[in-house]
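Below is one structure, written out as structure tokens, with a few remarks after it.
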Amino acid sequence: MILVDTSVWIDFLKGSRSIHRKLLHSLLEEEQDICLTEIIVTEILQGISSDVERKKMGNFLKEFQIFSLKGMPSFLHAAKIYRQCRKTGYTIRSTIDCLIAVVALENRLALLTKDRDFEWITKVEPLVLVEV
């Protein structure tokens, strides 16, 4: 199962010519197992200005399996990831990225992303990124 990060959904919605958008399009056409987490849904929907389009997209996103954080242990794990990355010389730009990584790790999901912060996280955790 592949957790698709907001960075890829943004390319998809904008119709970008990126390889990430093309891969997501292929995954959707082939009806591959794609999933989300609530944080990603929030990030996608907050970027859509039209109420009508936001509602359509919200209904579309509800079709995918949604994975959740598992309470305090997940948040503690995210803090650990952030601290470990800092110790290696890289400060993760967004706490949200640490939380998304935790969802992927706890549920053994591969992550499709364009965000370079996740590459740093792979240096300290066994996070699996989809090769593009």
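Chain labels follow the order of the structure tokens: the first chain is A, the next B, and so on; residue numbering restarts at 1 in every chain, and ligands are counted from 1 in their shown order.
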Quiz item: Contacts of stretch 95-111 of chain A at 10 Å or less, counting only C-alpha atoms, minus same-chain residues fewer than 2 places along, as a ChimeraX atom specification?
Solution: /A:1-6,34-40,43,67-70,73-82,92-93,113-115,117-118,121-122,125-131
Written file, previous selection with N, CA and C atoms, as a compact mmCIF listing (two decimals), in the first residue's frame:
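Done, and the output landed in again.txt:
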```
# COMPACT_ATOMS: atom_id res chain seq x y z
N MET A 1 0.86 -1.18 0.00
CA MET A 1 0.00 0.00 0.00
C MET A 1 0.90 1.23 0.00
N ILE A 2 0.45 2.24 -0.75
CA ILE A 2 1.25 3.46 -0.91
C ILE A 2 0.52 4.65 -0.31
N LEU A 3 1.19 5.32 0.61
CA LEU A 3 0.72 6.57 1.20
C LEU A 3 1.22 7.70 0.30
N VAL A 4 0.29 8.46 -0.27
CA VAL A 4 0.66 9.52 -1.20
C VAL A 4 0.67 10.86 -0.46
N ASP A 5 1.83 11.49 -0.44
CA ASP A 5 2.04 12.74 0.27
C ASP A 5 1.39 13.92 -0.46
N THR A 6 1.13 14.96 0.28
CA THR A 6 0.51 16.18 -0.24
C THR A 6 1.29 16.74 -1.42
N ILE A 34 -3.82 2.81 -2.82
CA ILE A 34 -3.36 4.13 -2.39
C ILE A 34 -4.09 4.48 -1.11
N CYS A 35 -3.38 5.13 -0.19
CA CYS A 35 -4.02 5.52 1.06
C CYS A 35 -3.59 6.92 1.44
N LEU A 36 -4.24 7.43 2.47
CA LEU A 36 -3.99 8.78 2.98
C LEU A 36 -3.98 8.75 4.50
N THR A 37 -3.64 9.87 5.06
CA THR A 37 -3.82 10.11 6.48
C THR A 37 -4.57 11.44 6.61
N GLU A 38 -5.18 11.64 7.75
CA GLU A 38 -6.00 12.85 7.92
C GLU A 38 -5.21 14.13 7.66
N ILE A 39 -3.95 14.13 8.04
CA ILE A 39 -3.12 15.32 7.87
C ILE A 39 -2.99 15.67 6.39
N ILE A 40 -2.78 14.66 5.56
CA ILE A 40 -2.64 14.88 4.12
C ILE A 40 -3.97 15.38 3.54
N GLU A 43 -4.22 19.03 4.37
CA GLU A 43 -3.34 19.87 3.56
C GLU A 43 -3.87 20.02 2.13
N PHE A 67 -5.38 6.19 7.14
CA PHE A 67 -4.64 5.69 8.31
C PHE A 67 -4.46 6.85 9.29
N SER A 68 -4.58 6.52 10.57
CA SER A 68 -4.52 7.54 11.62
C SER A 68 -3.30 7.38 12.50
N LEU A 69 -2.94 8.46 13.14
CA LEU A 69 -1.93 8.39 14.20
C LEU A 69 -2.51 7.58 15.35
N LYS A 70 -1.64 6.99 16.15
CA LYS A 70 -2.07 6.10 17.22
C LYS A 70 -1.87 6.73 18.60
N PRO A 73 1.80 7.68 21.62
CA PRO A 73 3.01 7.01 21.12
C PRO A 73 3.43 7.52 19.74
N SER A 74 2.48 7.83 18.89
CA SER A 74 2.81 8.35 17.56
C SER A 74 3.47 9.72 17.65
N PHE A 75 2.96 10.57 18.52
CA PHE A 75 3.53 11.91 18.66
C PHE A 75 4.92 11.86 19.28
N LEU A 76 5.12 10.94 20.22
CA LEU A 76 6.45 10.76 20.80
C LEU A 76 7.44 10.25 19.75
N HIS A 77 6.98 9.36 18.90
CA HIS A 77 7.81 8.83 17.82
C HIS A 77 8.19 9.95 16.85
N ALA A 78 7.23 10.81 16.52
CA ALA A 78 7.51 11.94 15.62
C ALA A 78 8.56 12.87 16.22
N ALA A 79 8.46 13.14 17.51
CA ALA A 79 9.45 13.98 18.18
C ALA A 79 10.84 13.32 18.14
N LYS A 80 10.88 12.01 18.31
CA LYS A 80 12.14 11.27 18.25
C LYS A 80 12.75 11.39 16.86
N ILE A 81 11.94 11.26 15.83
CA ILE A 81 12.43 11.39 14.45
C ILE A 81 13.03 12.78 14.24
N TYR A 82 12.32 13.80 14.66
CA TYR A 82 12.79 15.17 14.51
C TYR A 82 14.16 15.34 15.19
N ILE A 92 14.32 19.06 10.16
CA ILE A 92 13.11 18.84 9.37
C ILE A 92 12.32 20.15 9.38
N ARG A 93 11.85 20.57 8.20
CA ARG A 93 11.19 21.86 8.08
C ARG A 93 9.78 21.88 8.64
N THR A 113 6.43 10.67 -2.35
CA THR A 113 6.59 12.07 -1.99
C THR A 113 7.61 12.75 -2.87
N LYS A 114 7.54 14.08 -2.92
CA LYS A 114 8.56 14.90 -3.56
C LYS A 114 9.37 15.66 -2.51
N ASP A 115 8.94 15.59 -1.29
CA ASP A 115 9.51 16.39 -0.20
C ASP A 115 10.83 15.78 0.26
N ASP A 117 12.57 16.30 2.86
CA ASP A 117 12.69 16.01 4.29
C ASP A 117 12.57 14.51 4.56
N PHE A 118 11.76 13.82 3.78
CA PHE A 118 11.57 12.40 4.02
C PHE A 118 12.82 11.59 3.70
N ILE A 121 14.70 11.59 6.79
CA ILE A 121 14.09 10.69 7.77
C ILE A 121 14.52 9.25 7.51
N THR A 122 14.72 8.88 6.23
CA THR A 122 15.17 7.51 5.94
C THR A 122 16.56 7.23 6.50
N GLU A 125 15.34 6.30 10.28
CA GLU A 125 14.21 5.37 10.46
C GLU A 125 14.09 4.53 9.19
N PRO A 126 13.50 3.33 9.30
CA PRO A 126 13.35 2.47 8.13
C PRO A 126 12.15 2.84 7.24
N LEU A 127 12.00 4.12 6.96
CA LEU A 127 10.92 4.61 6.12
C LEU A 127 11.20 4.22 4.67
N VAL A 128 10.19 3.63 4.01
CA VAL A 128 10.33 3.19 2.62
C VAL A 128 9.72 4.25 1.71
N LEU A 129 10.54 4.79 0.82
CA LEU A 129 10.06 5.74 -0.17
C LEU A 129 9.88 5.04 -1.50
N VAL A 130 8.82 5.42 -2.21
CA VAL A 130 8.58 4.86 -3.55
C VAL A 130 9.61 5.47 -4.49
N GLU A 131 10.33 4.63 -5.20
CA GLU A 131 11.31 5.09 -6.18
C GLU A 131 10.60 5.67 -7.39
```
Self-check item: Neighbour list for A:Ile44 as a list of chain:residue names, cut-off 9 Å, only C-alpha atoms, skip fewer than 3 positions in-chain
Solution: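 Surrounding residues, per the criterion: A:Thr6, A:Ser7, A:Trp9, A:Ile10, A:Ile39, A:Ile40, A:Val41, A:Gly47, A:Ile48, A:Arg54, A:Met57, A:Gly58.
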Practice problem: Assign secondary structure with DSSP using the backbone only, and return the residues of chain A in strand (DSSP E or B) as an MDAnalysis selection string. | Solution: chainID A and resid 2:4 34:37 65:67 110:112 129
Exercise. Quick one: pick out all helix (DSSP H, G or I) residues within stretch 26-114 of chain A from a backbone DSSP run and write them as a PyMOL selection string.
Key: chain A and resi 26-29+38-46+51-61+72-87+95-106
Quiz item: By how many Å are atom CA of A:Ser18 and atom CA of A:Leu45 apart?
Solution: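 Those two atoms sit 20.7 Å apart.
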Give me the residues of stretch 55-110 of chain A that have any atom at most 12 Å from an atom of stretch 26-29 of chain A; for each, the nearest atom pair and the distance in Å, rounded to one decimal. Use only C-alpha atoms, sort by chain and number, and format it as CSV.
```
residue,atom,partner,partner_atom,distance
A:Phe60,CA,A:Leu28,CA,11.7
A:Leu61,CA,A:Leu28,CA,11.9
A:Glu63,CA,A:Leu28,CA,11.6
A:Phe64,CA,A:Leu28,CA,10.6
```
Go ahead and dump the residues you just picked, N, CA and C atoms, as a compact mmCIF listing (two decimals), in the first residue's frame.
```txt
# COMPACT_ATOMS: atom_id res chain seq x y z
N PHE A 60 -13.92 12.67 -3.20
CA PHE A 60 -12.98 11.79 -3.89
C PHE A 60 -11.99 11.17 -2.91
N LEU A 61 -11.45 11.98 -2.03
CA LEU A 61 -10.43 11.49 -1.08
C LEU A 61 -11.01 10.49 -0.08
N GLU A 63 -12.72 8.08 -0.69
CA GLU A 63 -12.72 6.75 -1.31
C GLU A 63 -11.47 5.94 -0.93
N PHE A 64 -10.44 6.61 -0.47
CA PHE A 64 -9.19 5.93 -0.12
C PHE A 64 -9.17 5.52 1.34
```
Self-check item: Point-to-point distance in Å for atom CA of A:Arg17 and atom CA of A:Arg116
Solution: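 Taking atom CA of A:Arg116 as the start and atom CA of A:Arg17 as the end point, the length is 18.7 Å.
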